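Coordinates as given in coords_15.cif (mmCIF, C-alpha atoms and all ligand atoms):
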data_run
loop_
_atom_site.label_atom_id
_atom_site.label_comp_id
_atom_site.auth_asym_id
_atom_site.auth_seq_id
_atom_site.Cartn_x
_atom_site.Cartn_y
_atom_site.Cartn_z
CA MET A 253 135.26 153.24 70.17
CA GLU A 254 134.34 150.17 68.15
CA ALA A 255 132.07 148.96 70.88
CA GLY A 256 130.47 152.38 70.92
CA GLU A 257 129.80 152.37 67.22
CA ALA A 258 128.26 148.95 67.40
CA LYS A 259 126.06 150.26 70.17
CA SER A 260 124.83 153.31 68.33
CA LYS A 261 123.88 151.10 65.41
CA LYS A 262 121.96 148.97 67.81
CA ALA A 263 120.12 151.97 69.22
CA GLY A 264 118.47 152.64 65.86
CA GLY A 265 121.03 153.32 63.16
CA PRO A 266 124.24 155.34 63.29
CA ARG A 267 123.38 158.95 64.00
CA LEU A 268 126.10 161.44 63.35
CA CYS A 269 127.10 164.68 65.02
CA CYS A 270 124.68 167.51 64.08
CA ILE A 271 127.56 169.89 63.49
CA CYS A 272 130.25 168.02 61.58
CA ASN A 273 128.18 165.11 60.31
CA LEU A 274 131.31 163.00 60.57
CA ARG A 275 131.71 161.60 64.03
CA ARG A 276 129.61 159.75 66.54
CA PRO A 277 127.78 162.12 68.92
CA VAL A 278 128.64 161.65 72.59
CA LEU A 279 126.32 164.13 74.27
CA LYS A 280 123.17 166.16 73.90
CA ARG A 281 123.64 169.83 74.64
CA PRO A 282 120.88 170.93 77.03
CA LYS A 283 121.09 174.38 75.51
CA THR A 284 120.29 173.38 71.93
CA LEU A 285 119.29 169.72 72.29
CA GLN A 286 121.82 169.03 69.52
CA GLN A 287 123.58 165.70 69.58
CA ILE A 288 127.22 166.48 69.04
CA CYS A 289 130.62 164.82 69.07
CA ARG A 290 133.44 165.45 71.51
CA GLU A 291 135.49 167.55 69.09
CA CYS A 292 132.59 169.79 68.11
CA PHE A 293 131.59 170.23 71.74
CA TYR A 294 135.04 171.54 72.64
CA GLU A 295 134.96 173.81 69.64
CA VAL A 296 131.57 175.44 70.30
CA PHE A 297 132.16 175.59 74.06
CA GLU A 298 135.51 177.36 73.75
CA GLU A 299 134.26 179.66 71.01
CA GLU A 300 131.23 180.70 73.09
CA ILE A 301 133.47 181.56 76.04
CA HIS A 302 135.75 183.56 73.77
CA GLN A 303 132.75 185.49 72.46
CA VAL A 304 131.58 186.26 76.01
CA ILE A 305 135.07 187.48 76.94
CA VAL A 306 135.26 189.72 73.89
CA LYS A 307 131.70 191.03 74.14
CA ASN A 308 132.03 191.93 77.81
CA HIS A 309 135.56 193.31 77.48
CA LEU A 310 136.65 191.15 80.39
CA PHE A 311 140.39 191.55 79.88
CA LYS A 312 143.00 193.95 78.61
CA SER A 313 146.33 192.92 77.18
CA GLY A 314 149.09 192.80 79.77
CA GLU A 315 146.79 192.15 82.74
CA ARG A 316 147.69 189.72 85.49
CA VAL A 317 144.76 187.43 86.12
CA ALA A 318 144.34 184.94 88.97
CA ILE A 319 142.22 181.87 88.36
CA GLY A 320 140.45 180.82 91.56
CA ALA A 321 141.47 177.15 91.63
CA SER A 322 139.70 174.73 93.92
CA GLY A 323 140.74 171.52 92.21
CA GLY A 324 137.12 170.88 91.29
CA LYS A 325 135.82 170.39 87.78
CA ASP A 326 134.70 173.97 87.19
CA SER A 327 137.99 175.59 88.05
CA THR A 328 139.92 172.90 86.19
CA VAL A 329 137.84 173.57 83.08
CA LEU A 330 138.37 177.30 83.54
CA ALA A 331 142.14 176.90 83.89
CA TYR A 332 142.25 174.83 80.72
CA VAL A 333 139.96 177.05 78.64
CA LEU A 334 141.51 180.33 79.72
CA SER A 335 145.09 179.22 79.15
CA GLU A 336 144.03 177.81 75.79
CA LEU A 337 142.14 180.94 74.66
CA ASN A 338 144.92 183.17 75.95
CA LYS A 339 147.29 181.42 73.56
CA ARG A 340 144.89 180.96 70.67
CA HIS A 341 143.60 184.53 70.57
CA SER A 342 146.70 186.26 71.99
CA TYR A 343 144.90 187.94 74.89
CA GLY A 344 148.32 188.76 76.31
CA LEU A 345 147.33 187.77 79.86
CA ASP A 346 149.63 186.68 82.66
CA LEU A 347 147.66 183.84 84.22
CA PHE A 348 148.06 182.36 87.72
CA LEU A 349 146.33 179.69 89.74
CA LEU A 350 145.22 180.79 93.19
CA SER A 351 144.19 178.19 95.74
CA ILE A 352 142.88 178.49 99.27
CA ASP A 353 143.77 176.01 102.02
CA GLU A 354 141.22 176.29 104.83
CA GLY A 355 143.21 174.02 107.09
CA ILE A 356 140.68 171.22 107.43
CA THR A 357 142.61 167.99 107.96
CA GLY A 358 142.39 165.73 104.94
CA TYR A 359 139.83 167.92 103.22
CA ARG A 360 142.02 169.62 100.65
CA ASP A 361 144.54 166.86 100.04
CA ASP A 362 142.87 165.56 96.89
CA SER A 363 141.92 168.95 95.50
CA LEU A 364 145.37 170.42 96.11
CA GLU A 365 146.81 167.46 94.20
CA THR A 366 144.53 168.31 91.29
CA VAL A 367 145.53 171.96 91.42
CA LYS A 368 149.20 170.93 91.36
CA ARG A 369 148.48 168.82 88.29
CA ASN A 370 146.79 171.84 86.67
CA GLU A 371 149.92 173.85 87.45
CA VAL A 372 152.07 171.41 85.50
CA GLN A 373 149.57 170.70 82.70
CA TYR A 374 148.81 174.29 81.81
CA GLY A 375 152.12 175.80 82.95
CA LEU A 376 150.36 178.24 85.27
CA PRO A 377 152.18 179.32 88.45
CA LEU A 378 150.34 178.29 91.61
CA GLN A 379 149.90 180.27 94.82
CA ILE A 380 148.37 178.55 97.84
CA VAL A 381 147.09 180.82 100.60
CA SER A 382 146.20 179.28 103.94
CA TYR A 383 143.80 180.49 106.61
CA LYS A 384 146.63 179.99 109.07
CA ASP A 385 148.82 182.47 107.16
CA LEU A 386 146.04 184.98 106.74
CA TYR A 387 144.18 184.76 110.02
CA GLY A 388 146.37 182.82 112.39
CA TRP A 389 143.63 180.19 112.66
CA THR A 390 142.98 177.05 110.65
CA MET A 391 139.39 175.85 110.28
CA ASP A 392 140.30 172.90 112.48
CA ASP A 393 141.46 175.34 115.22
CA ILE A 394 138.23 177.28 114.87
CA VAL A 395 136.07 174.16 115.09
CA LYS A 396 137.98 173.13 118.22
CA MET A 397 137.08 176.43 119.78
CA ILE A 398 133.49 176.97 118.66
CA GLY A 399 132.20 173.50 117.81
CA LEU A 400 130.39 172.49 114.67
CA LYS A 401 127.40 174.76 114.85
CA ASN A 402 128.57 178.06 113.46
CA ASN A 403 131.85 177.22 111.81
CA CYS A 404 130.41 177.74 108.32
CA THR A 405 130.03 181.44 109.05
CA PHE A 406 133.77 181.60 109.63
CA CYS A 407 134.63 179.41 106.70
CA GLY A 408 132.56 181.43 104.24
CA VAL A 409 133.60 184.87 105.45
CA PHE A 410 137.28 184.00 105.61
CA ARG A 411 137.27 182.37 102.22
CA ARG A 412 136.09 185.41 100.32
CA GLN A 413 138.83 187.55 101.80
CA ALA A 414 141.43 184.85 101.33
CA LEU A 415 141.00 184.98 97.58
CA ASP A 416 141.38 188.76 97.54
CA ARG A 417 144.38 188.73 99.84
CA GLY A 418 145.97 186.03 97.77
CA ALA A 419 145.29 188.14 94.69
CA ALA A 420 146.92 191.13 96.35
CA LEU A 421 149.94 188.97 97.10
CA LEU A 422 150.23 188.07 93.43
CA LYS A 423 149.57 191.68 92.41
CA VAL A 424 146.86 190.63 90.01
CA ASP A 425 144.42 192.91 88.24
CA LYS A 426 141.56 190.44 88.12
CA ILE A 427 140.27 187.25 89.66
CA VAL A 428 138.28 184.81 87.57
CA THR A 429 136.25 181.92 88.89
CA GLY A 430 134.52 179.10 87.07
CA HIS A 431 130.91 178.17 87.69
CA ASN A 432 128.61 175.77 85.95
CA ALA A 433 125.05 176.52 84.95
CA ASP A 434 123.66 174.18 87.63
CA ASP A 435 125.41 176.11 90.39
CA ILE A 436 124.29 179.48 89.13
CA ALA A 437 120.70 178.36 88.65
CA GLU A 438 120.75 176.90 92.15
CA THR A 439 122.07 180.17 93.57
CA VAL A 440 119.43 182.20 91.73
CA LEU A 441 116.79 179.95 93.22
CA LEU A 442 118.24 180.13 96.74
CA ASN A 443 118.48 183.91 96.60
CA ILE A 444 114.83 184.08 95.57
CA LEU A 445 113.85 181.67 98.36
CA ARG A 446 115.77 183.79 100.86
CA GLY A 447 114.33 187.02 99.49
CA ASP A 448 117.83 188.28 98.92
CA ILE A 449 117.45 190.70 96.02
CA ALA A 450 120.83 192.32 96.52
CA ARG A 451 122.60 189.01 96.08
CA LEU A 452 120.22 187.85 93.38
CA SER A 453 121.25 190.79 91.26
CA ARG A 454 124.91 190.05 91.78
CA CYS A 455 124.83 186.31 91.32
CA THR A 456 124.18 186.42 87.59
CA SER A 457 126.45 189.37 86.96
CA ILE A 458 129.53 188.49 84.95
CA THR A 459 131.81 190.94 86.73
CA THR A 460 131.70 192.24 90.28
CA GLY A 461 133.58 194.78 92.33
CA GLU A 462 135.05 196.85 89.51
CA ASP A 463 136.36 199.43 91.98
CA GLY A 464 137.38 197.21 94.84
CA PRO A 465 138.45 193.70 95.58
CA ILE A 466 136.67 191.06 93.55
CA PRO A 467 135.13 188.51 95.88
CA ARG A 468 134.21 185.66 93.62
CA TYR A 469 134.82 182.10 94.57
CA TYR A 470 133.07 178.81 94.72
CA PHE A 471 133.64 176.33 97.47
CA SER A 472 134.52 173.22 95.58
CA THR A 473 133.39 170.24 97.57
CA GLU A 474 130.57 170.08 100.02
CA CYS A 475 131.93 171.21 103.36
CA ILE A 476 132.47 168.14 105.52
CA TYR A 477 131.63 170.14 108.61
CA SER A 478 128.17 171.08 107.48
CA PRO A 479 126.52 169.63 104.43
CA ASN A 480 123.99 172.29 103.56
CA ALA A 481 120.63 170.59 103.46
CA TYR A 482 118.71 173.55 102.07
CA ARG A 483 121.11 173.93 99.17
CA GLY A 484 121.05 170.22 98.48
CA PHE A 485 117.30 170.36 98.21
CA ALA A 486 117.40 173.24 95.72
CA ARG A 487 119.93 171.33 93.63
CA GLU A 488 117.79 168.23 93.44
CA PHE A 489 114.81 170.34 92.54
CA ILE A 490 116.52 171.98 89.56
CA LYS A 491 117.95 168.65 88.39
CA ASP A 492 114.43 167.21 88.52
CA LEU A 493 113.20 170.15 86.46
CA GLU A 494 116.00 169.62 83.98
CA ARG A 495 114.95 166.04 83.50
CA LEU A 496 111.52 167.24 82.43
CA ARG A 497 112.87 170.09 80.32
CA PRO A 498 116.61 170.29 79.64
CA LYS A 499 116.58 174.04 79.12
CA ALA A 500 115.06 174.70 82.56
CA ILE A 501 118.45 175.45 84.11
CA LEU A 502 119.42 178.06 81.56
CA ASP A 503 115.97 179.58 81.87
CA ILE A 504 116.39 180.00 85.63
CA ILE A 505 119.65 181.84 85.01
CA LYS A 506 117.90 184.01 82.44
CA SER A 507 115.27 184.85 85.05
CA GLY A 508 118.02 185.85 87.46
CA GLU A 509 119.51 188.15 84.84
CA ASP A 510 116.17 189.76 84.08
CA PHE A 511 115.46 190.32 87.77
CA ARG A 512 118.69 192.27 87.91
CA ILE A 513 117.45 194.78 85.37
CA ALA A 514 114.09 195.11 87.06
CA THR A 515 115.40 195.62 90.58
CA THR A 516 115.17 199.05 92.18
CA THR A 517 115.99 197.82 95.67
CA LYS A 518 118.41 200.10 97.48
CA MET A 519 121.81 198.48 97.81
CA PRO A 520 123.76 198.96 101.03
CA GLU A 521 126.57 201.46 100.67
CA GLN A 522 129.98 199.90 100.45
CA GLY A 523 132.94 201.33 102.29
CA THR A 524 136.12 199.73 103.48
CA CYS A 525 137.04 198.06 106.75
CA GLU A 526 139.05 200.29 109.06
CA ARG A 527 141.12 197.37 110.11
CA CYS A 528 142.03 195.49 106.96
CA GLY A 529 140.78 197.61 104.06
CA TYR A 530 138.43 194.98 102.68
CA ILE A 531 135.09 196.19 101.29
CA SER A 532 132.62 196.51 104.13
CA SER A 533 129.43 198.42 104.81
CA GLN A 534 130.51 198.52 108.46
CA LYS A 535 133.46 200.04 110.28
CA TRP A 536 134.92 196.58 110.59
CA CYS A 537 134.37 193.87 108.03
CA LYS A 538 132.75 190.62 109.03
CA ALA A 539 136.06 188.75 109.04
CA CYS A 540 137.67 191.25 111.40
CA VAL A 541 134.68 191.04 113.74
CA LEU A 542 134.85 187.25 113.76
CA LEU A 543 138.61 187.28 114.27
CA GLU A 544 138.30 189.71 117.16
CA GLY A 545 135.81 187.33 118.75
CA LEU A 546 138.10 184.35 118.27
CA ASN A 547 141.15 186.13 119.60
CA ARG A 548 139.28 187.45 122.62
CA GLY A 549 137.81 184.05 123.36
CA LEU A 550 134.28 185.22 122.48
CA PRO A 551 133.69 183.17 119.35
CA LYS A 552 129.93 183.84 119.27
CA MET A 553 130.62 187.43 118.38
CA GLY A 554 129.17 188.28 115.00
CA ILE A 555 127.25 185.06 114.54
CA GLY A 556 123.66 184.05 114.19
CA ARG A 557 120.65 186.26 114.74
CA SER A 558 122.65 189.26 115.87
CA ARG A 559 123.38 191.39 112.85
CA ALA A 560 126.91 192.37 112.08
CA GLY A 561 125.76 195.90 112.78
CA ASP A 562 124.96 195.16 116.42
CA VAL A 563 128.29 193.51 116.90
CA ASN A 564 130.04 196.38 115.27
CA GLY A 565 128.25 198.82 117.52
CA ASP A 566 129.18 196.73 120.52
CA LEU A 567 132.80 196.55 119.46
CA HIS A 568 133.08 200.23 118.81
CA ASN A 569 131.67 201.09 122.20
CA LYS A 570 134.14 198.85 123.91
CA ASN A 571 136.93 200.34 121.87
CA GLU A 572 135.63 203.80 122.67
CA SER A 573 135.44 204.71 119.04
CA LYS A 574 132.32 206.55 117.99
CA SER A 575 129.64 204.24 116.79
CA GLY A 576 128.53 205.36 113.38
CA PRO A 577 125.21 204.58 111.77
CA THR A 578 124.96 200.87 111.10
CA VAL A 579 123.81 199.73 107.74
CA LYS A 580 122.26 196.31 107.73
CA SER A 581 124.98 194.12 106.41
CA ILE A 582 124.15 191.94 103.48
CA GLU A 583 127.02 189.70 104.46
CA SER A 584 125.52 188.53 107.71
CA ARG A 585 123.47 185.65 106.40
CA LYS A 586 126.20 184.12 104.31
CA GLN A 587 126.34 180.38 104.44
CA CYS A 588 129.07 177.92 103.96
CA GLY A 589 129.19 176.45 100.50
CA SER A 590 127.21 179.25 98.97
CA LEU A 591 128.14 180.57 95.62
CA ASP A 592 129.87 183.89 95.87
CA PHE A 593 130.42 186.26 93.06
CA MET B 25 130.34 139.70 81.25
CA GLN B 26 133.47 141.70 82.07
CA LEU B 27 132.77 145.39 82.65
CA THR B 28 134.64 148.38 83.98
CA LEU B 29 132.68 150.66 86.27
CA GLU B 30 134.00 154.06 87.24
CA PHE B 31 132.65 156.30 89.99
CA GLY B 32 133.55 159.97 90.27
CA GLY B 33 132.51 163.38 91.55
CA GLY B 34 132.06 162.02 95.06
CA LEU B 35 130.16 158.82 94.18
CA GLU B 36 133.31 156.82 94.91
CA LEU B 37 132.69 157.64 98.57
CA LEU B 38 129.66 155.34 98.42
CA CYS B 39 131.84 152.40 97.39
CA GLU B 40 134.75 152.49 99.80
CA SER B 41 136.48 155.36 97.98
CA LYS B 42 137.38 153.05 95.11
CA LYS B 43 136.94 154.78 91.77
CA ILE B 44 137.49 151.95 89.31
CA HIS B 45 135.78 148.59 89.67
CA LYS B 46 136.49 145.71 87.29
CA VAL B 47 133.43 143.54 87.63
CA ASN B 48 131.87 140.42 86.23
CA VAL B 49 128.13 140.61 85.74
CA ASP B 50 125.94 137.69 84.72
CA LEU B 51 122.96 138.04 82.42
CA PRO B 52 119.72 138.10 84.35
CA ASN B 53 117.77 134.83 84.25
CA GLY B 54 116.10 134.27 80.91
CA ALA B 55 117.36 137.53 79.38
CA ASP B 56 119.36 137.80 76.17
CA ASP B 57 120.82 141.21 76.91
CA LEU B 58 122.17 143.10 79.84
CA THR B 59 120.52 146.52 80.05
CA MET B 60 121.48 149.53 82.15
CA LYS B 61 118.32 148.99 84.14
CA HIS B 62 119.60 145.61 85.25
CA LEU B 63 123.12 146.88 85.74
CA LEU B 64 121.96 149.67 88.08
CA ALA B 65 120.16 147.15 90.27
CA TRP B 66 123.27 144.97 90.23
CA VAL B 67 125.51 147.94 91.16
CA ARG B 68 123.26 148.85 94.02
CA THR B 69 123.43 145.35 95.46
CA ASN B 70 127.05 144.55 94.76
CA VAL B 71 129.05 147.78 94.59
CA ILE B 72 127.34 150.52 96.61
CA LYS B 73 128.19 150.11 100.27
CA GLU B 74 126.40 153.08 101.82
CA ARG B 75 123.77 155.76 101.24
CA PRO B 76 122.32 154.29 98.01
CA GLU B 77 119.91 157.25 97.88
CA MET B 78 122.89 159.40 96.85
CA PHE B 79 123.17 157.26 93.72
CA LEU B 80 119.67 156.10 92.85
CA LYS B 81 116.26 157.67 92.92
CA GLY B 82 113.45 155.32 92.01
CA ASP B 83 114.71 152.85 89.44
CA THR B 84 117.19 155.21 87.83
CA VAL B 85 120.13 157.38 88.86
CA ARG B 86 119.53 160.44 90.96
CA PRO B 87 119.12 163.63 88.90
CA GLY B 88 122.56 165.18 88.57
CA VAL B 89 124.39 161.90 88.12
CA LEU B 90 126.00 161.74 84.70
CA VAL B 91 126.14 158.29 83.07
CA LEU B 92 128.56 157.56 80.24
CA VAL B 93 128.62 154.28 78.36
CA ASN B 94 131.90 154.02 76.46
CA ASP B 95 132.39 157.79 76.78
CA CYS B 96 128.95 158.53 75.40
CA ASP B 97 126.14 160.13 77.42
CA TRP B 98 123.56 157.42 78.05
CA GLU B 99 120.82 159.86 76.95
CA LEU B 100 121.95 159.10 73.41
CA SER B 101 121.87 155.34 73.81
CA GLY B 102 118.49 154.97 75.45
CA GLN B 103 119.25 155.46 79.17
CA LEU B 104 117.83 152.50 81.12
CA GLU B 105 117.28 150.58 77.88
CA THR B 106 120.92 150.89 76.83
CA THR B 107 122.33 147.45 76.08
CA ILE B 108 125.63 146.68 77.73
CA GLU B 109 128.21 144.50 76.03
CA GLU B 110 131.37 142.68 76.98
CA LYS B 111 134.25 145.00 78.00
CA ASP B 112 132.07 148.12 78.07
CA VAL B 113 133.18 150.98 80.29
CA ILE B 114 130.42 152.63 82.31
CA VAL B 115 131.17 155.88 84.14
CA PHE B 116 129.01 157.47 86.84
CA ILE B 117 129.83 161.05 87.81
CA SER B 118 127.96 163.06 90.37
CA THR B 119 127.62 166.70 89.39
CA LEU B 120 125.73 167.56 92.56
CA HIS B 121 128.68 169.11 94.29
CA GLY B 122 132.25 169.72 93.40
CA GLY B 123 132.92 172.86 91.43
ZN ZN C 1 131.05 166.91 65.32
ZN ZN C 2 138.48 193.87 108.03
#

Take the structure in this file and express it as structure tokens.
Amino acid sequence: MEAGEAKSKKAGGPRLCCICNLRRPVLKRPKTLQQICRECFYEVFEEEIHQVIVKNHLFKSGERVAIGASGGKDSTVLAYVLSELNKRHSYGLDLFLLSIDEGITGYRDDSLETVKRNEVQYGLPLQIVSYKDLYGWTMDDIVKMIGLKNNCTFCGVFRRQALDRGAALLKVDKIVTGHNADDIAETVLLNILRGDIARLSRCTSITTGEDGPIPRYYFSTECIYSPNAYRGFAREFIKDLERLRPKAILDIIKSGEDFRIATTTKMPEQGTCERCGYISSQKWCKACVLLEGLNRGLPKMGIGRSRAGDVNGDLHNKNESKSGPTVKSIESRKQCGSLDF
Amino acid sequence: MQLTLEFGGGLELLCESKKIHKVNVDLPNGADDLTMKHLLAWVRTNVIKERPEMFLKGDTVRPGVLVLVNDCDWELSGQLETTIEEKDVIVFISTLHGG
């Protein structure tokens, strides 16, 4: 502290926090370019989140809410803020931490430790759901079978369902996930680059799946099996932009939100999977198709250029069930490490 | 000059997974002060063991790497021109992945 004060004097006189005018500023908010102190940052940050919760009617008193907990910074911040606001403003929520273990040796050790610390620190019960429990396969097992090329398809598809199944286990009403502005801006940009209007409209939406499961989760650390080069490039690009203009990131998110209003693109109809009940535009959801492939020793099923629809048709014929009309699945190009809402 | 360097958010992987480094840095020849500019060059040579491009871009940190000098964002202290003093704590956190 003393060293810090000496330093700020050195850097051209002691400037004080723009909000309280009392303490030394420690950061510049990209949003407002204000230089503010630690205490004021917490205060405005928490108050803004509270306002968003109230304005969007995100919760009702008595609801059971699972916090998607990856052990990363975003979900840790979310766990802290939500448990804090729940107490401060008497939301009356029953909060839980929900964590997914993909079964990649060594990969989750650190993050699960963090989640366990969150459990103690914020007094939130923790539920860990493993791929092995849910699917009978760990990611390590899957990689052994199919190699490194397409494993991210499995990882991504299985993860979204894992969160919902875990939520069902806890009998929760809602799942909340934490995302930072960089991630959302990056996702907006990637969806534009991929021409994916359906996902673009969802990625800036604050709530998803009001009538069904709520698939929202962010893969915390870069997948060790496949660092996503394309995504990495987009991230560097937006961070470069931010350096030139700090508000650039929030502006990209704003663009994503405005696109949502403008879009008239037809969305694929959503039904439920005949096998597991998860939302799916096909007879079988993507996870069930992939699992069928794994269990039958045909792991390429449902991967790559072939659309989920083709695979579904193929499966149905073999199972002698009538093959219904196939809607092009928006899930088929999902990549590992992508931001899912 | 005794300094504490901390690496987080994945940057520790570039320096043998060690997060906290207590180091001793000498003033550059003929200089009166140690600046962040000099410290970054020193870190690259003496601390970073692999993939320096994950840490630096040009003569500064890669966009998305947060730098705190005594818990204060280095944007407020002059970034590369920030003067470092005895016993300062400098933290580098990558925000590029790790939600
Ligand atoms: Zn203040
Ligand atoms: Zn299914």

- Task: Please indicate the distance in Å from CA of Lys491 (chain A) to CA of Gly430 (chain A), rounded to one decimal place.
- Result: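 Calculated distance between CA of Lys491 (chain A) and CA of Gly430 (chain A) is 19.6 Å.
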
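With a cut-off of 8 Å and using all atoms listed in the file, the polymer residues contacting ligand ZN 2 (chain C) are Thr524, Cys525, Glu526, Arg527, Cys528, Gly529, Tyr530, Ile531, Ser532, Trp536, Cys537, Lys538, Ala539, Cys540 and Val541 of chain A.
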
- Item | Nearest-residue call for Glu509 (chain A), choices A:Leu445, A:Leu543, A:Val440, A:Leu345, using all atoms listed in the file | A:Val440

- Message: With 8 Å as the limit and counting all atoms listed in the file, what residues in chain B lie close to chain A? Please list them as a PyMOL selection string.
- Response: chain B and resi 87-88+93-97+99-102+106-107+109+112+120-123

- In the coordinates of the file, take the point (140.1, 184.6, 91.3) and a cut-off of 6 Å; then, counting only C-alpha atoms, name each qualifying protein, DNA or RNA residue as number ranges by chain. A: 318-320, 427-429

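Between CA of Gly314 (chain A) and CA of Gly344 (chain A) lies a distance of 5.4 Å.
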
- Task: Select, counting only C-alpha atoms, all protein, DNA and RNA residues no farther than 9 Å from (122.7, 157.8, 85.6) in file coordinates, and express the selection as a ChimeraX atom specification.
- Result: /B:64,79-80,84-92,98,103-104,115-118

- Item | Counting all atoms listed in the file, the residue of B:Arg68, B:Glu77, B:Thr119, B:Glu110 that sits nearest Gln26 (chain B) |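 Of all the options, B:Glu110 lies closest to Gln26 (chain B).
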
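Atom pair CA of Lys307 (chain A) / CA of Lys506 (chain A): separated by 17.6 Å.
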
Please rebuild region 70-82 of chain B with N, CA and C atoms and give the result as a CSV table (one decimal), in the frame of the given file.
chain,number,residue,atom,x,y,z
B,70,ASN,N,125.7,145.1,94.7
B,70,ASN,CA,127.0,144.6,94.8
B,70,ASN,C,128.2,145.6,94.9
B,71,VAL,N,127.9,146.8,94.6
B,71,VAL,CA,129.0,147.8,94.6
B,71,VAL,C,128.8,148.9,95.6
B,72,ILE,N,127.6,149.4,95.7
B,72,ILE,CA,127.3,150.5,96.6
B,72,ILE,C,127.3,150.0,98.0
B,73,LYS,N,128.1,150.6,98.9
B,73,LYS,CA,128.2,150.1,100.3
B,73,LYS,C,127.4,151.0,101.3
B,74,GLU,N,127.1,152.2,100.9
B,74,GLU,CA,126.4,153.1,101.8
B,74,GLU,C,125.6,154.1,101.1
B,75,ARG,N,124.6,154.7,101.7
B,75,ARG,CA,123.8,155.8,101.2
B,75,ARG,C,123.4,155.6,99.8
B,76,PRO,N,122.7,154.5,99.4
B,76,PRO,CA,122.3,154.3,98.0
B,76,PRO,C,121.5,155.4,97.5
B,77,GLU,N,120.8,156.2,98.3
B,77,GLU,CA,119.9,157.2,97.9
B,77,GLU,C,120.7,158.4,97.3
B,78,MET,N,122.0,158.4,97.5
B,78,MET,CA,122.9,159.4,96.8
B,78,MET,C,123.1,159.0,95.4
B,79,PHE,N,122.9,157.8,95.1
B,79,PHE,CA,123.2,157.3,93.7
B,79,PHE,C,121.9,157.0,92.9
B,80,LEU,N,120.9,156.4,93.6
B,80,LEU,CA,119.7,156.1,92.8
B,80,LEU,C,118.5,156.9,93.4
B,81,LYS,N,117.5,157.1,92.5
B,81,LYS,CA,116.3,157.7,92.9
B,81,LYS,C,115.2,156.9,92.1
B,82,GLY,N,114.4,156.2,92.7
B,82,GLY,CA,113.4,155.3,92.0
B,82,GLY,C,114.3,154.2,91.3
